[in-house]
Amino acid sequence: MDKIIEKLGLSPKEASSFLQLVTLGPSPISIWAKQAGINRSSMYVLLERLKSQKLISTFTDHGILHAQAVPM
């Protein structure tokens, strides 16, 4: 898995957060941030980077933004 992440050009923080989301499954951003050990405002920046790489998608459920890893 490390080689795949390396080829994607993710920073260690991005890679760790992405793998945390894979483990969690579809989750609210606040839960994902807490589990990844990143403050929520920083997580939104990271979320945009991962979305631009098409590694995650987002959806809203009951007015709360969620993220999920795309199937590989």
# chains A, B, ... in the order shown; residues from 1 in each chain; ligands from 1

$ select_by_dssp --residues "chain A" --states "alpha helix (DSSP H)" --output "PyMOL selection string"
chain A and resi 2-8+12-24+29-36+40-52

$ residues_around --residues "Tyr44 of chain A" --least-positions-apart "6" --cutoff "12 Å" --atoms "only C-alpha atoms" --output "PyMOL selection string"
chain A and resi 14+17+28-30+32-33+38+50-51+58+65-67

$ residues_around --residues "Gly25 of chain A" --least-positions-apart "2" --cutoff "8 Å" --atoms "only C-alpha atoms" --output "PyMOL selection string"
chain A and resi 21-23+27+68-69

$ closest_residue --among "A:Gln20, A:Phe59, A:Ala15, A:Met72" --to "Lys34 of chain A" --atoms "only C-alpha atoms"
A:Gln20

$ select_by_dssp --residues "chain A" --states "strand (DSSP E or B)" --output "list in words"
Ser27, Pro28, Ile56, Ser57, Thr58, Phe59, Thr60, Asp61, Ile64, Leu65, His66, Ala67, Gln68 and Ala69 of chain A

$ atom_distance --atom1 "atom CA of Leu19 of chain A" --atom2 "atom CA of Ile5 of chain A"
9.5 Å

$ closest_residue --among "A:Ile4, A:His62, A:Gly9, A:Ser16" --to "Met43 of chain A" --atoms "only C-alpha atoms"
A:Ser16

$ closest_residue --among "A:Phe18, A:Ser41, A:Ile31, A:Lys13" --to "Ile56 of chain A" --atoms "only C-alpha atoms"
A:Phe18

$ atom_distance --atom1 "atom CA of Glu48 of chain A" --atom2 "atom CA of Gly63 of chain A"
18.7 Å
